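Novice: Below are the structure tokens for one structure; questions will follow.
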Amino acid sequence: MMARRWLGTASLAALAALALAACTTIPTSGPVNEGAGVVSSSKPFVPFAEGPREGDSPTGIVNGFISASSAGFASDFTVAREYLTPAAAAKWDPNAKVTVFDSAALQTDFDQNTNTVTYDIPVFATIDDSGRLTEAADGTRETLSFTLELNADGEWRITELDDGTILARDNFARLFMPVNLVFASVDETTQVPELRWLQRSKAVTVAARELVEGPSPWLAPAVHTGFPASSGLAVDSVVVTDGVASVQLTPASSGDAAQRSLAQEQMRLTLASIPGTTGVVVTSGGVALGGDGSAALAPAPLPTTDAVAFINDRLGVWDGENAWQVANSVGGLPAGSSGIAQGFEDLTAAWIVNGSTLVSSDALKGGVDSLVAAKDGASAPSATMKTQTLYEGSALIAPSVDRHHWTWTASADPAGEFVAVKEGGTIVKIPVDWLRATTVQALAVSRDGARIAVLSRTGGKQTLEVASIVRSEDGEPLTIGEPLAVGTDIGPAIDLTWVDAFTIAALGEAAVDVGNGLWLVDVGGLTESQKAVTGAVDITARESERSLVVVDNKQQVFARSGTVWSKVATGPAELAYSG
């Protein structure tokens with residue numbers, strides 16, 4: 001998973017620039033030699049930690065402590081504790097919280113009356129002791145206080161400080177890594193990952209521990225895990241030998257045969273995502289965990305390779321190169337059609353008519369072979385196509401179709417509920433208390449079916465949230481969990497789409513002669529701000545950021561080409577891949 005927003009300001013020399021040793025000399029003479037063409041892999045980043053110096057001032061002691069604390073993430077915090085009194089060193093928990101700061105605007109002050117050094121720091125993000133990252137809004141600042149005293153040798157040492165550590169943003173990417181904890185969908189067929197940020201030097205051990213402890217509260221209602229609540233690691237570290245991680249669990253970690261099989265599958269998938277780990281051996285009470293071999297978690301399904309489309313006032317398909325439309329005999333779109341969505345596995349389309357009726361059509365099920373080429377200047381349809389009415393309401397937003405074949409929508413009015421409709425006519429209304437005072441703009445169900453992303457506004461404030469979908473084992477949605485706010489500081493937006501298992505793309509409102517805003521938001525991670533094309537009104541994606549496609553208000557289709565957008569088609573008014 002790519003980390004977001006790493007390109008930032010340089011570290012403040014006094015606090016965060018950790019020494020990188022071993023400079024080399026560039027030769028200025030001698031023969032020209034041909035290189036091997038292979039660059040060896042870089043060694044892990046190991047910052048240098050220096051203990052306190054004789055005669056350091058209070059501010060110098062705190063500066064040294066912060067630098068040594070940063071180095072502690074690559075090894076341990078022994079050197080950092082040298083800056084503390086023995087009592088403070090025994091009490092301080094460096095892992096309780098990591099505050100990542102933008103290092104260009106640190107402000108420091110020393111109060112001689114209280115022997116207190118304070119730092120006012122601009123907060124970029126925080127990470128809790130389980131690796132959960134929370135982005136900070138722009139302008140967020142935090143004040144840290146360090147109280148010092150003179151020891152018996154007349155040297156200043158820190159006697160009072162908060163648990164946790166501060167870390168410069170430039171060093172965070174070197175010392176921490178994103179790891180996917182893998183849980184199971186309720187039907188135990190599909191991987192549902194949760195992103196955590198772990199110290200690189202301890203990633204395997206902490207990932208195993210956190211997986212055993214279970215998902216975060218916001219996600220827990222929507223997933224299954226093979227680890228009983230009584231589970232735990234029998235030892236504090238997971239040893240990796242020749243690429244094989246040995247995970248030793250307590251005897252209470254063994255469930256029934258199916259649970260043990262699921263637990264092993266989760267551990268295998270989770271640790272396999274960490275570089276250097278190629279295999280996993282799991283034991284419980286010294287005995288192989290075993291199981292009945294029933295667990296096999298597949299990745300969430302990919303959208304189909306073709307996108308459904310509105311084109312020439314008809315239903316159609318864009319295959320990535322050419323646009324196709326239904327034959328004239330099928331008829332045109334009902335007046336007021338908008339918000340097209342596509343199901344998984346086939347080219348079933350759903351959309352909204354006149355803001356009040358959710359309809360669907362299987363006119364595209366025959367694929368491109370059943371369609372005709374879409375051409376500019378096509379004549380208007382002579383009749384209206386037949387559709388199936390799924391639901392009638394008011395101010396309905398564009399639908400989203402999940403892998404269980406439920407089509408989701410909601411009223412833009414503050415109604416406080418989602419509506420999910422199953423093929424065959426079953427309608428489920430799901431109350432969502434946290435939406436009651438909001439105006440819902442867009443929603444999208446994740447490809448694993450366990451999460452829903454919601455774009456909404458309250459009093460003019462733009463919000464992007466993700467919540468769990470609680471389902472029965474046959475996939476029927478039952479309730480919606482509490483929301484997790486993501487996408488800090490996104491601007492006014494109009495549409496969203498899932499790009500992959502973690503990333504949501506939010507499309508900003510159109511502005512005159514300026515490319516729409518585009519925010520790539522990692523659930524449990526960071527937000528990257530980009531630009532889309534001017535006048536963009538619709539966004540969709542199939543697989544990864546490279547597959548992003550937008551349609552503008554001139555019915556032009558643009559696709560990502562590296563870091564720029566290239567026009568690839570003309571004609572479609574809307575496009576949608578599965579989801």
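Going by the structure tokens order, chains are called A, B, ..., each with residues numbered from 1, while ligands are numbered from 1 in the order shown.
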Let's see if you can do this: from backbone DSSP, list all strand (DSSP E or B) residues in region 61-129 of chain A, as a list in words.

Specialist: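 Here is the list: Leu84, Lys97, Val98, Thr99, Val100, Phe101, Gln107, Thr108, Asp109, Phe110, Asp111, Thr116, Val117, Thr118, Tyr119, Asp120, Ile121, Pro122, Val123, Phe124, Ala125, Thr126, Ile127 and Asp128 of chain A.
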
Novice: With only C-alpha atoms as the counted atoms, please give the residues lying no more than 6 Å from Ser456 (chain A), apart from itself and same-chain residues fewer than 4 positions off, as a compact mmCIF listing (two decimals) with N, CA and C atoms, in the first residue's frame.

Specialist:
```
# COMPACT_ATOMS: atom_id res chain seq x y z
N THR A 439 -26.71 16.11 4.81
CA THR A 439 -27.16 15.97 3.43
C THR A 439 -26.22 14.98 2.75
N VAL A 440 -26.73 13.83 2.38
CA VAL A 440 -25.92 12.79 1.76
C VAL A 440 -25.75 13.11 0.28
N GLN A 441 -24.49 13.07 -0.20
CA GLN A 441 -24.21 13.39 -1.60
C GLN A 441 -23.89 12.16 -2.43
N THR A 463 -17.73 16.16 4.56
CA THR A 463 -17.30 15.03 5.38
C THR A 463 -17.24 13.77 4.52
```

Novice: Give me the residues near region 68-73 of chain A as a PyMOL selection string, where near means some atom within 7 Å (using only C-alpha atoms) and where sequence neighbours in that chain fewer than 2 positions away do not count.

Specialist: chain A and resi 47-50+64-66+75-77+79-80+165+167+175+199

Novice: Out of A:Ser468, A:Gln325, A:Thr270, A:Thr143, which residue has the shortest atom-to-atom distance to Val206 (chain A) when counting only C-alpha atoms?

Specialist: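 Nearest to Val206 (chain A): A:Thr270.
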
Novice: In Å to one decimal, how far is CA of Trp324 (chain A) from CA of Ala307 (chain A)?

Specialist: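 So the two atoms, CA of Ala307 (chain A) and CA of Trp324 (chain A), lie 10.4 Å apart.
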
Novice: With the cut-off set at 6 Å and counting only C-alpha atoms, tabulate each residue of region 80-102 of chain A with an atom at most that distance from an atom of region 112-124 of chain A, showing the nearest atom pair and its distance in Å to one decimal, ordered by chain and increasing number, as a Markdown table.

Specialist:
```
| residue | atom | partner | partner_atom | distance |
| --- | --- | --- | --- | --- |
| A:Val100 | CA | A:Phe124 | CA | 5.4 |
| A:Phe101 | CA | A:Val123 | CA | 4.6 |
| A:Asp102 | CA | A:Pro122 | CA | 5.6 |
```

Novice: Would you mind exporting C-alpha atoms of the selected residues as a compact mmCIF listing (two decimals), in the first residue's frame?

Specialist:
```
# COMPACT_ATOMS: atom_id res chain seq x y z
CA VAL A 100 4.20 12.82 13.62
CA PHE A 101 4.99 16.49 13.16
CA ASP A 102 5.62 18.82 10.26
```

Novice: What is the CA of Gln107 (chain A)-CA of Leu133 (chain A) distance in Å, reported with one decimal?

Specialist: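 Those two atoms sit 24.2 Å apart.
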
Novice: Give me the residues near Val372 (chain A) as a PyMOL selection string, where near means some atom within 12 Å (using only C-alpha atoms) and where sequence neighbours in that chain fewer than 6 positions away do not count.

Specialist: chain A and resi 311-312+314-318+322-330+364+366+378

Novice: Could you take the residues named above and write them with C-alpha atoms, as a PDB file, in the first residue's frame?

Specialist:
```pdb
ATOM      1  CA  ILE A 311     -24.194   7.566 -24.311  1.00  0.00           C
ATOM      2  CA  ASN A 312     -26.314   9.208 -27.023  1.00  0.00           C
ATOM      3  CA  ARG A 314     -28.979   5.335 -24.546  1.00  0.00           C
ATOM      4  CA  LEU A 315     -27.527   2.649 -22.324  1.00  0.00           C
ATOM      5  CA  GLY A 316     -24.079   1.541 -23.461  1.00  0.00           C
ATOM      6  CA  VAL A 317     -20.623   0.219 -22.663  1.00  0.00           C
ATOM      7  CA  TRP A 318     -17.116   1.640 -22.831  1.00  0.00           C
ATOM      8  CA  ASN A 322     -14.439   2.201 -27.906  1.00  0.00           C
ATOM      9  CA  ALA A 323     -17.974   3.102 -26.911  1.00  0.00           C
ATOM     10  CA  TRP A 324     -20.950   0.890 -27.726  1.00  0.00           C
ATOM     11  CA  GLN A 325     -24.680   1.396 -27.312  1.00  0.00           C
ATOM     12  CA  VAL A 326     -27.869  -0.655 -27.377  1.00  0.00           C
ATOM     13  CA  ALA A 327     -29.623  -1.049 -30.707  1.00  0.00           C
ATOM     14  CA  ASN A 328     -32.374   1.382 -31.648  1.00  0.00           C
ATOM     15  CA  SER A 329     -34.934  -1.377 -31.094  1.00  0.00           C
ATOM     16  CA  VAL A 330     -34.083  -1.401 -27.347  1.00  0.00           C
ATOM     17  CA  LEU A 364     -26.331  -5.010 -21.644  1.00  0.00           C
ATOM     18  CA  GLY A 366     -25.189  -9.812 -23.920  1.00  0.00           C
ATOM     19  CA  ALA A 378     -26.552   9.686 -33.526  1.00  0.00           C
TER      20      ALA A 378
END
```

Novice: Mind checking which residues fall within 7 Å of Tyr83 (chain A), counting only C-alpha atoms, ignoring those fewer than 6 positions away in the same chain, and posting them as a list in words?

Specialist: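 In the requested form, the answer reads Pro52, Ile61, Phe65, Arg157 and Ile158 of chain A.
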
Novice: Just C-alpha atoms for this one: save the residues we selected as a PDB file, in the first residue's frame.

Specialist:
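File part.pdb, as written:
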```pdb
ATOM      1  CA  PRO A  52      23.330  13.263  26.861  1.00  0.00           C
ATOM      2  CA  ILE A  61      18.573  17.752  26.930  1.00  0.00           C
ATOM      3  CA  PHE A  65      15.905  13.164  24.006  1.00  0.00           C
ATOM      4  CA  ARG A 157      17.445  15.258  33.351  1.00  0.00           C
ATOM      5  CA  ILE A 158      13.761  15.013  32.407  1.00  0.00           C
TER       6      ILE A 158
END
```

Novice: For the atom pair CA of Ala493 (chain A) and CA of Thr409 (chain A), what is the interatomic distance in Å to one decimal place?

Specialist: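 Those two atoms sit 17.8 Å apart.
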
Novice: Check the DSSP output for the backbone and give back, as a ChimeraX atom specification, the residues of region 224-413 of chain A in alpha helix (DSSP H).

Specialist: /A:257-272
